[in-house]
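Note sheet for the following structure.
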Amino acid sequence: MRPALRETRRLLDGQHAFQTSIQAFLCPALLRPQVARREPHTEHLGQSQRFSTSRRALQEAVNSVPLESEPVPSGQLQTAKNANRIRRPLPRACPGCGAPTQIYDTKEPGFYNPDRKAVAKYVEYDPDAKAPEQKEEDVYTKALKQVDPKLLEEIGLERDVLEKGNEVDTGAPETPVCDRCHNLINHRVGPPIYHPSVEAIQQTIAESPHRRNHIYHVVDAADFPLSLVPTLQSSLRIPKLRTKNRRAKHKGWVANDRIAEVSFIITRSDLLAPQKEQVDALMPYIQNVLRDVLGRTNKDARLGNVRLVSAQRGWWTRQVKEEIWERGGAGWLVGKVNVGKSSLFELVFPKGRGADYQDVRKIRSAAEREAMMKRAESLDELVAVQKQLADEDAEIERYNRVAKEHQHKPPDPEDEKIDEDDQDLDPDALLPPAQPWTPYPVLPIASSLPGTTTSPIRIPFGRNKGELVDLPGLARTSPGLETFVAPTFHDDLIMKHRITADRHVLKPGQSLLLGGGLIRLTPVTQDLIFLVHPFVPIDPHITRTEKAADLQQQVSDRHVKSILAPAVGEKMRSAGRYKLKWDVTKQLAGPLTSKVAAKMRPENLPFRIFSTDILVEGVGWLEVSAQVRRPAGWKAPGMVKKDPNAARKAKLEAQKKAAEESRAKYEAKLRGEEYVKEKVVDEDVEDVVEFPEIEVFSPLGKFVGARMPMCASVVSGPKQVSSRERSARPRRSMKSVKAQRKPMPK
């Protein structure tokens, strides 16, 4: 047992774990019922623990625990009469959130109310019991059987349907979720949970029974890269990212001879652009921002393991699902809260696949085979079709042979011993037992409430070929931004669909408010006009800076819609000043630099446009830009007439400098001195301009960040085609013509 768990049990002094407020994720063993422990096998204590992907899961022995044998604490909320009503044991953990099952505390996750209809139907289900006779339906069916067959044909009924009407088997009821998950699904309410730390995630992954482990670092596209964990590589003690060196390895070896790899999954990518092609074109930008956030050690990272995924549109989800199936082993979904891990889990989990899985697209009927051969117009096509069918038959035969061998293969006795030892050696493991394998399991629920998943959820696939694990979300900034917002406006903080932002102009002396004072943007550089495109789901409002400060501090008597909670105005602080240090003249100069218009080079324009993206944690981002004039005396390099002999003169000048340098080296060597090359100052280089600045105010001075601008205001929209590349002249708008045809009012 770990020292932390041993100290916790010492402090409890025999009290039951349900009476404490200890985090269920960190101490799941304390929430388990007190069952008798067997002594471990002494002949295996000296052996090292092996990790194998093909080993059988432990869920068969620890799938469910009868609740009637549990001790009832003094502070119970349900009577012993309700607990004794349970005939069938409840699941060991809630399949929706992963919390350990309990029937005592209604305010904690994992609570099951025995009186709930779904729970009662599940626990009282008896597969051997016969269904009650439906007298009315039997009388009706018997009467129809005595009717003339011709009359039945006119009605549209067949006698075979009447004979087989009572043979329908509804099957066992679906595993119910706990009351907290039930309220999340139906009422969108639920108590918050404690979020684990990175160290707890690292210890949980270290207990993996699989040799091959793949970590999917899930990041939200709405506030990318604020939801990224920059220190995840070092915290989880996994190999560094593969560099651009062609000899660099993409995977490394860690403790206990196991392999760990990392992939970055950017979820909700449909918030960035309307089409998949436009989102895929942002991949170089995403990689550059990732390199900046991951630090200097990863500045040369290859980052070929990044996916822009959309669970709502289905972008790249099929590819991720196939990768999970091909890899096998354990796949771990790691990320912060509300980044879409559970929604991604539902789409990328390989359902309906087992050891005897076959691709149904390659199983053809005899009619289809004959039709394919008849469609062949030449001998070569006929030979190609016959070869394709022969390959498919060989592949199907191979699948059947592997399935048969897997079904009749005797279990390895060594693996059996290891499974028993694993069950006895560490009963206080942070990793709960996996669920029983089923082709279509109950998947974790997805909710907008932060912290839906309370404990790791392990679901195997492919007859224990591997498993996918949904881990609880890491905490963002504490306390969360929703604590400063009124409860009725919590849903307004979540970007649910792509936003087409309007342009807002900030003149000198003005500020922009979001949500009536939740976030305030105030320009610092005077005599400049700032353009702001807010890609956030909350309403913006522009006013004088003095009025905006009063509204944010909740001391103003003006009526402006605000989502702030009462008495939070005094907690507003400056989150810092952010420089607009990225030159985006080419992207935001409009038709001057457009390919279908003027096609001017940005360095020849008399102004420069600087921009940055201001990020709001979990909400969205704001694109801020400002136009700055060139310094006095500036001349466009493209407008200066070039000397036709410039190349010849430059060559002669370089030869002259090289000769002078060699002469200086020779003279220094004669004097016995070391030659030092003089630094040349280029007088033509333009001085660095002073970047525009903007100051952001937020609750406690947190929840705000900045990144390289994505220029989302020009990413979406229809593709422009120049007049030279148009295949036909566009049709003239008939709106004005129709207006002219209308009769004039008398």
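The way I read the labels, and the way they are meant: chains A, B, ... in the order of the structure tokens, residue 1 as the first residue of every chain, and ligand 1 as the first ligand shown, with later ones counted on from there.
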**Prompt:** So which bits of segment 541-719 of chain A end up strand (DSSP E or B) when you DSSP the backbone, as a PyMOL selection string?
**Reply:** chain A and resi 541-544+564+572-579+582-583+607-616+620-629+693-699+704-707
Go ahead and save the picked residues with N, CA and C atoms, as a CSV table (one decimal), in the first residue's frame.
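Written output follows (part_25.csv):
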```
chain,number,residue,atom,x,y,z
A,541,HIS,N,-19.4,44.9,-26.0
A,541,HIS,CA,-20.0,46.2,-25.8
A,541,HIS,C,-18.9,47.2,-25.8
A,542,ILE,N,-19.0,48.3,-26.6
A,542,ILE,CA,-17.9,49.3,-26.7
A,542,ILE,C,-18.4,50.6,-26.0
A,543,THR,N,-17.6,51.2,-25.1
A,543,THR,CA,-18.0,52.4,-24.4
A,543,THR,C,-16.7,53.1,-24.0
A,544,ARG,N,-16.9,54.3,-23.4
A,544,ARG,CA,-15.7,55.0,-22.9
A,544,ARG,C,-15.0,54.2,-21.8
A,564,LEU,N,-22.2,39.0,-14.9
A,564,LEU,CA,-21.4,38.8,-13.7
A,564,LEU,C,-22.3,38.4,-12.5
A,572,MET,N,-11.7,42.3,-9.9
A,572,MET,CA,-11.2,42.5,-11.2
A,572,MET,C,-9.8,43.1,-11.1
A,573,ARG,N,-8.9,42.4,-11.9
A,573,ARG,CA,-7.5,42.8,-11.9
A,573,ARG,C,-7.0,42.9,-13.3
A,574,SER,N,-5.8,43.5,-13.5
A,574,SER,CA,-5.2,43.5,-14.8
A,574,SER,C,-4.5,42.2,-15.1
A,575,ALA,N,-4.8,41.6,-16.2
A,575,ALA,CA,-4.1,40.3,-16.6
A,575,ALA,C,-2.9,40.6,-17.4
A,576,GLY,N,-2.5,41.8,-17.6
A,576,GLY,CA,-1.2,42.1,-18.2
A,576,GLY,C,-1.4,42.9,-19.5
A,577,ARG,N,-0.3,43.4,-20.0
A,577,ARG,CA,-0.3,44.1,-21.3
A,577,ARG,C,0.2,43.2,-22.4
A,578,TYR,N,-0.5,43.1,-23.5
A,578,TYR,CA,-0.1,42.2,-24.6
A,578,TYR,C,0.3,43.0,-25.8
A,579,LYS,N,1.5,42.7,-26.4
A,579,LYS,CA,1.9,43.4,-27.5
A,579,LYS,C,1.4,42.8,-28.8
A,582,TRP,N,3.0,40.5,-34.1
A,582,TRP,CA,3.1,39.7,-35.3
A,582,TRP,C,2.6,40.5,-36.5
A,583,ASP,N,3.4,40.5,-37.6
A,583,ASP,CA,3.1,41.3,-38.8
A,583,ASP,C,2.1,40.4,-39.7
A,607,PHE,N,2.5,51.2,-44.8
A,607,PHE,CA,2.0,50.9,-43.4
A,607,PHE,C,2.2,49.4,-43.2
A,608,ARG,N,2.1,49.1,-41.9
A,608,ARG,CA,2.2,47.7,-41.4
A,608,ARG,C,1.0,47.4,-40.5
A,609,ILE,N,0.5,46.1,-40.5
A,609,ILE,CA,-0.6,45.7,-39.7
A,609,ILE,C,0.0,44.7,-38.7
A,610,PHE,N,-0.2,45.0,-37.4
A,610,PHE,CA,0.2,44.0,-36.4
A,610,PHE,C,-1.0,43.5,-35.7
A,611,SER,N,-0.9,42.3,-35.2
A,611,SER,CA,-2.1,41.6,-34.6
A,611,SER,C,-1.6,40.6,-33.6
A,612,THR,N,-2.6,40.1,-32.8
A,612,THR,CA,-2.4,39.0,-31.8
A,612,THR,C,-3.8,38.5,-31.5
A,613,ASP,N,-3.9,37.3,-31.0
A,613,ASP,CA,-5.1,36.7,-30.5
A,613,ASP,C,-5.1,36.7,-29.0
A,614,ILE,N,-6.1,37.3,-28.4
A,614,ILE,CA,-6.3,37.3,-27.0
A,614,ILE,C,-7.2,36.1,-26.6
A,615,LEU,N,-6.7,35.2,-25.8
A,615,LEU,CA,-7.5,34.0,-25.5
A,615,LEU,C,-8.2,34.1,-24.1
A,616,VAL,N,-9.4,33.7,-24.1
A,616,VAL,CA,-10.2,33.6,-22.8
A,616,VAL,C,-10.4,32.1,-22.5
A,620,GLY,N,-13.2,31.3,-25.8
A,620,GLY,CA,-12.9,31.6,-27.2
A,620,GLY,C,-11.7,32.5,-27.3
A,621,TRP,N,-11.7,33.3,-28.3
A,621,TRP,CA,-10.5,34.2,-28.5
A,621,TRP,C,-11.0,35.5,-29.2
A,622,LEU,N,-10.2,36.5,-29.1
A,622,LEU,CA,-10.5,37.8,-29.8
A,622,LEU,C,-9.3,38.2,-30.7
A,623,GLU,N,-9.6,38.5,-31.9
A,623,GLU,CA,-8.5,38.9,-32.8
A,623,GLU,C,-8.4,40.4,-32.8
A,624,VAL,N,-7.2,40.9,-32.3
A,624,VAL,CA,-7.0,42.3,-32.2
A,624,VAL,C,-5.9,42.7,-33.2
A,625,SER,N,-6.1,43.8,-33.9
A,625,SER,CA,-5.2,44.2,-34.9
A,625,SER,C,-5.1,45.8,-34.9
A,626,ALA,N,-4.0,46.3,-35.4
A,626,ALA,CA,-3.8,47.8,-35.5
A,626,ALA,C,-2.9,48.1,-36.6
A,627,GLN,N,-3.1,49.2,-37.3
A,627,GLN,CA,-2.3,49.6,-38.5
A,627,GLN,C,-1.4,50.7,-38.0
A,628,VAL,N,-0.1,50.5,-38.4
A,628,VAL,CA,1.0,51.5,-38.0
A,628,VAL,C,1.7,52.0,-39.2
A,629,ARG,N,1.9,53.3,-39.3
A,629,ARG,CA,2.6,53.9,-40.5
A,629,ARG,C,4.1,53.6,-40.4
A,693,GLU,N,0.2,48.1,-28.0
A,693,GLU,CA,-0.1,47.3,-26.8
A,693,GLU,C,-1.6,47.5,-26.4
A,694,ILE,N,-2.1,46.4,-25.8
A,694,ILE,CA,-3.5,46.5,-25.3
A,694,ILE,C,-3.5,45.8,-23.9
A,695,GLU,N,-4.2,46.3,-23.0
A,695,GLU,CA,-4.3,45.8,-21.6
A,695,GLU,C,-5.6,45.1,-21.4
A,696,VAL,N,-5.6,44.0,-20.7
A,696,VAL,CA,-6.8,43.1,-20.5
A,696,VAL,C,-7.0,43.0,-19.0
A,697,PHE,N,-8.3,43.2,-18.6
A,697,PHE,CA,-8.7,43.1,-17.2
A,697,PHE,C,-9.7,41.9,-17.1
A,698,SER,N,-9.5,41.1,-16.1
A,698,SER,CA,-10.3,39.9,-15.9
A,698,SER,C,-10.4,39.6,-14.4
A,699,PRO,N,-11.2,38.7,-14.0
A,699,PRO,CA,-11.3,38.3,-12.6
A,699,PRO,C,-10.0,37.7,-12.1
A,704,VAL,N,-6.7,34.5,-19.0
A,704,VAL,CA,-6.4,35.2,-20.2
A,704,VAL,C,-5.0,34.8,-20.7
A,705,GLY,N,-4.8,34.7,-22.0
A,705,GLY,CA,-3.5,34.4,-22.7
A,705,GLY,C,-3.5,35.0,-24.0
A,706,ALA,N,-2.4,34.8,-24.7
A,706,ALA,CA,-2.2,35.3,-26.1
A,706,ALA,C,-1.4,34.3,-26.9
A,707,ARG,N,-1.6,34.4,-28.2
A,707,ARG,CA,-1.0,33.5,-29.2
A,707,ARG,C,-0.8,34.2,-30.5
```
Residues near segment 513-517 of chain A, cut-off 7 Å, only C-alpha atoms, skip fewer than 2 positions along chain, as a compact mmCIF listing (two decimals) with N, CA and C atoms, in the first residue's frame:
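Produced file selection-v9.txt, reproduced below:
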```txt
# COMPACT_ATOMS: atom_id res chain seq x y z
N SER A 511 -13.02 51.37 -24.71
CA SER A 511 -12.70 50.01 -24.27
C SER A 511 -13.81 49.08 -24.72
N ILE A 519 -14.73 40.52 -19.06
CA ILE A 519 -13.42 40.79 -19.64
C ILE A 519 -13.45 42.19 -20.22
N ARG A 520 -12.37 42.96 -19.98
CA ARG A 520 -12.28 44.32 -20.53
C ARG A 520 -10.96 44.48 -21.28
N LEU A 521 -11.04 45.00 -22.52
CA LEU A 521 -9.86 45.28 -23.34
C LEU A 521 -9.73 46.79 -23.50
N ILE A 538 -20.25 35.30 -25.90
CA ILE A 538 -20.85 36.34 -25.06
C ILE A 538 -20.80 37.66 -25.81
N ASP A 539 -21.75 38.53 -25.47
CA ASP A 539 -21.96 39.77 -26.23
C ASP A 539 -20.88 40.80 -25.91
N PRO A 540 -20.32 41.47 -26.95
CA PRO A 540 -19.38 42.57 -26.71
C PRO A 540 -20.10 43.92 -26.63
N HIS A 541 -19.45 44.86 -26.00
CA HIS A 541 -20.02 46.21 -25.84
C HIS A 541 -18.87 47.21 -25.77
N ILE A 542 -18.95 48.27 -26.60
CA ILE A 542 -17.91 49.29 -26.65
C ILE A 542 -18.44 50.56 -26.00
N ALA A 548 -16.51 51.94 -18.84
CA ALA A 548 -16.25 50.50 -18.85
C ALA A 548 -15.66 50.04 -17.52
N LEU A 551 -18.49 49.87 -15.02
CA LEU A 551 -19.36 48.72 -15.26
C LEU A 551 -18.70 47.43 -14.81
N GLN A 552 -17.40 47.31 -15.02
CA GLN A 552 -16.72 46.09 -14.62
C GLN A 552 -16.62 45.97 -13.10
N VAL A 560 -26.68 48.04 -18.58
CA VAL A 560 -26.01 47.24 -19.60
C VAL A 560 -26.12 45.78 -19.19
N LYS A 561 -26.51 44.92 -20.13
CA LYS A 561 -26.67 43.50 -19.82
C LYS A 561 -25.36 42.93 -19.32
N SER A 562 -25.39 42.33 -18.13
CA SER A 562 -24.19 41.78 -17.51
C SER A 562 -24.46 40.35 -17.05
N ILE A 563 -23.45 39.50 -17.20
CA ILE A 563 -23.54 38.11 -16.75
C ILE A 563 -22.74 37.89 -15.47
```
List the neighbours of segment 181-186 of chain A out to 9 Å using only C-alpha atoms; skip same-chain residues closer than 3 positions along the sequence, and give me the result as a ChimeraX atom specification.
/A:94,96-97,109-110,176-178,189-190,445-449,452
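Between atom CA of Ser556 of chain A and atom CA of Glu570 of chain A there is a distance of 12.8 Å.
Atom CA of Gln587 of chain A is positioned 21.6 Å from atom CA of Arg724 of chain A.
With distances restricted to only C-alpha atoms, A:Ala565 is the closest residue to Phe489 of chain A from A:Ala501, A:Val123, A:Val339, A:Ala565.
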request  = Could you give me, as a list of chain:residue names, the residues within 12 Å of Val119 of chain A, counting only C-alpha atoms and dropping anything in the same chain fewer than 5 positions from it?
outcome  = A:Arg85, A:Ile86, A:Arg87, A:Arg88, A:Pro89, A:Leu90, A:Pro91, A:Cys94, A:Ile103, A:Phe111, A:Tyr112, A:Asn113, A:Pro114, A:Glu124, A:Tyr125, A:Pro173, A:Glu174, A:Thr175, A:Pro176, A:Val177, A:Cys178, A:Asp179, A:His182
I need the residues from that last selection saved to file as an mmCIF file, in the first residue's frame (with N, CA and C atoms), if you can.
```cif
data_model
loop_
_atom_site.group_PDB
_atom_site.id
_atom_site.type_symbol
_atom_site.label_atom_id
_atom_site.label_comp_id
_atom_site.auth_asym_id
_atom_site.auth_seq_id
_atom_site.Cartn_x
_atom_site.Cartn_y
_atom_site.Cartn_z
ATOM 1 N N ARG A 85 -33.637 -5.130 -0.862
ATOM 2 C CA ARG A 85 -34.515 -5.384 -1.985
ATOM 3 C C ARG A 85 -33.738 -5.786 -3.230
ATOM 4 N N ILE A 86 -32.427 -5.489 -3.271
ATOM 5 C CA ILE A 86 -31.641 -5.723 -4.476
ATOM 6 C C ILE A 86 -31.412 -7.211 -4.651
ATOM 7 N N ARG A 87 -31.893 -7.764 -5.762
ATOM 8 C CA ARG A 87 -31.712 -9.180 -6.055
ATOM 9 C C ARG A 87 -30.482 -9.412 -6.934
ATOM 10 N N ARG A 88 -30.208 -8.496 -7.829
ATOM 11 C CA ARG A 88 -29.075 -8.610 -8.737
ATOM 12 C C ARG A 88 -28.061 -7.530 -8.385
ATOM 13 N N PRO A 89 -26.767 -7.850 -8.314
ATOM 14 C CA PRO A 89 -25.796 -6.835 -7.894
ATOM 15 C C PRO A 89 -25.682 -5.716 -8.902
ATOM 16 N N LEU A 90 -25.519 -4.494 -8.394
ATOM 17 C CA LEU A 90 -25.307 -3.342 -9.237
ATOM 18 C C LEU A 90 -23.915 -3.395 -9.856
ATOM 19 N N PRO A 91 -23.671 -2.643 -10.923
ATOM 20 C CA PRO A 91 -22.311 -2.611 -11.485
ATOM 21 C C PRO A 91 -21.321 -2.063 -10.477
ATOM 22 N N CYS A 94 -20.113 3.173 -11.987
ATOM 23 C CA CYS A 94 -21.059 3.773 -12.921
ATOM 24 C C CYS A 94 -20.428 3.817 -14.309
ATOM 25 N N ILE A 103 -24.810 3.336 -2.274
ATOM 26 C CA ILE A 103 -26.242 3.603 -2.073
ATOM 27 C C ILE A 103 -26.462 4.345 -0.759
ATOM 28 N N PHE A 111 -23.995 7.297 -6.692
ATOM 29 C CA PHE A 111 -25.152 6.908 -5.873
ATOM 30 C C PHE A 111 -26.246 6.345 -6.775
ATOM 31 N N TYR A 112 -26.796 5.203 -6.385
ATOM 32 C CA TYR A 112 -27.904 4.548 -7.084
ATOM 33 C C TYR A 112 -29.116 4.511 -6.169
ATOM 34 N N ASN A 113 -30.205 5.074 -6.632
ATOM 35 C CA ASN A 113 -31.467 5.023 -5.898
ATOM 36 C C ASN A 113 -32.210 3.752 -6.307
ATOM 37 N N PRO A 114 -32.401 2.799 -5.404
ATOM 38 C CA PRO A 114 -33.081 1.547 -5.784
ATOM 39 C C PRO A 114 -34.507 1.748 -6.263
ATOM 40 N N GLU A 124 -33.794 -6.311 -10.754
ATOM 41 C CA GLU A 124 -34.820 -7.339 -10.638
ATOM 42 C C GLU A 124 -34.935 -8.207 -11.889
ATOM 43 N N TYR A 125 -34.026 -8.015 -12.836
ATOM 44 C CA TYR A 125 -34.094 -8.790 -14.069
ATOM 45 C C TYR A 125 -33.653 -10.227 -13.802
ATOM 46 N N PRO A 173 -31.837 -5.723 -19.614
ATOM 47 C CA PRO A 173 -31.876 -4.257 -19.631
ATOM 48 C C PRO A 173 -30.469 -3.675 -19.638
ATOM 49 N N GLU A 174 -30.354 -2.475 -20.172
ATOM 50 C CA GLU A 174 -29.060 -1.796 -20.261
ATOM 51 C C GLU A 174 -28.573 -1.389 -18.877
ATOM 52 N N THR A 175 -27.248 -1.421 -18.694
ATOM 53 C CA THR A 175 -26.675 -1.059 -17.402
ATOM 54 C C THR A 175 -27.009 0.388 -17.076
ATOM 55 N N PRO A 176 -27.660 0.664 -15.958
ATOM 56 C CA PRO A 176 -28.053 2.041 -15.650
ATOM 57 C C PRO A 176 -26.868 2.867 -15.161
ATOM 58 N N VAL A 177 -27.007 4.183 -15.264
ATOM 59 C CA VAL A 177 -26.010 5.109 -14.743
ATOM 60 C C VAL A 177 -26.467 5.599 -13.378
ATOM 61 N N CYS A 178 -25.555 6.220 -12.665
ATOM 62 C CA CYS A 178 -25.866 6.698 -11.319
ATOM 63 C C CYS A 178 -26.808 7.899 -11.380
ATOM 64 N N ASP A 179 -27.294 8.323 -10.235
ATOM 65 C CA ASP A 179 -28.248 9.429 -10.194
ATOM 66 C C ASP A 179 -27.619 10.738 -10.666
ATOM 67 N N HIS A 182 -27.651 10.639 -14.350
ATOM 68 C CA HIS A 182 -29.052 10.772 -14.786
ATOM 69 C C HIS A 182 -29.478 12.234 -14.766
#
```
Please report, as a Markdown table, each residue of segment 201-223 of chain A lying at most 12 Å from segment 264-283 of chain A, together with the nearest pair of atoms and the separation in Å rounded to one decimal; use only C-alpha atoms, and order rows by chain and ascending residue number.
```
| residue | atom | partner | partner_atom | distance |
| --- | --- | --- | --- | --- |
| A:His214 | CA | A:Phe264 | CA | 10.9 |
| A:Ile215 | CA | A:Phe264 | CA | 8.6 |
| A:Tyr216 | CA | A:Phe264 | CA | 5.9 |
| A:His217 | CA | A:Phe264 | CA | 4.8 |
| A:Val218 | CA | A:Ile265 | CA | 4.8 |
| A:Val219 | CA | A:Ile266 | CA | 4.9 |
| A:Asp220 | CA | A:Thr267 | CA | 5.3 |
| A:Ala221 | CA | A:Ser269 | CA | 5.6 |
| A:Ala222 | CA | A:Leu271 | CA | 6.8 |
| A:Asp223 | CA | A:Leu271 | CA | 10.4 |
```
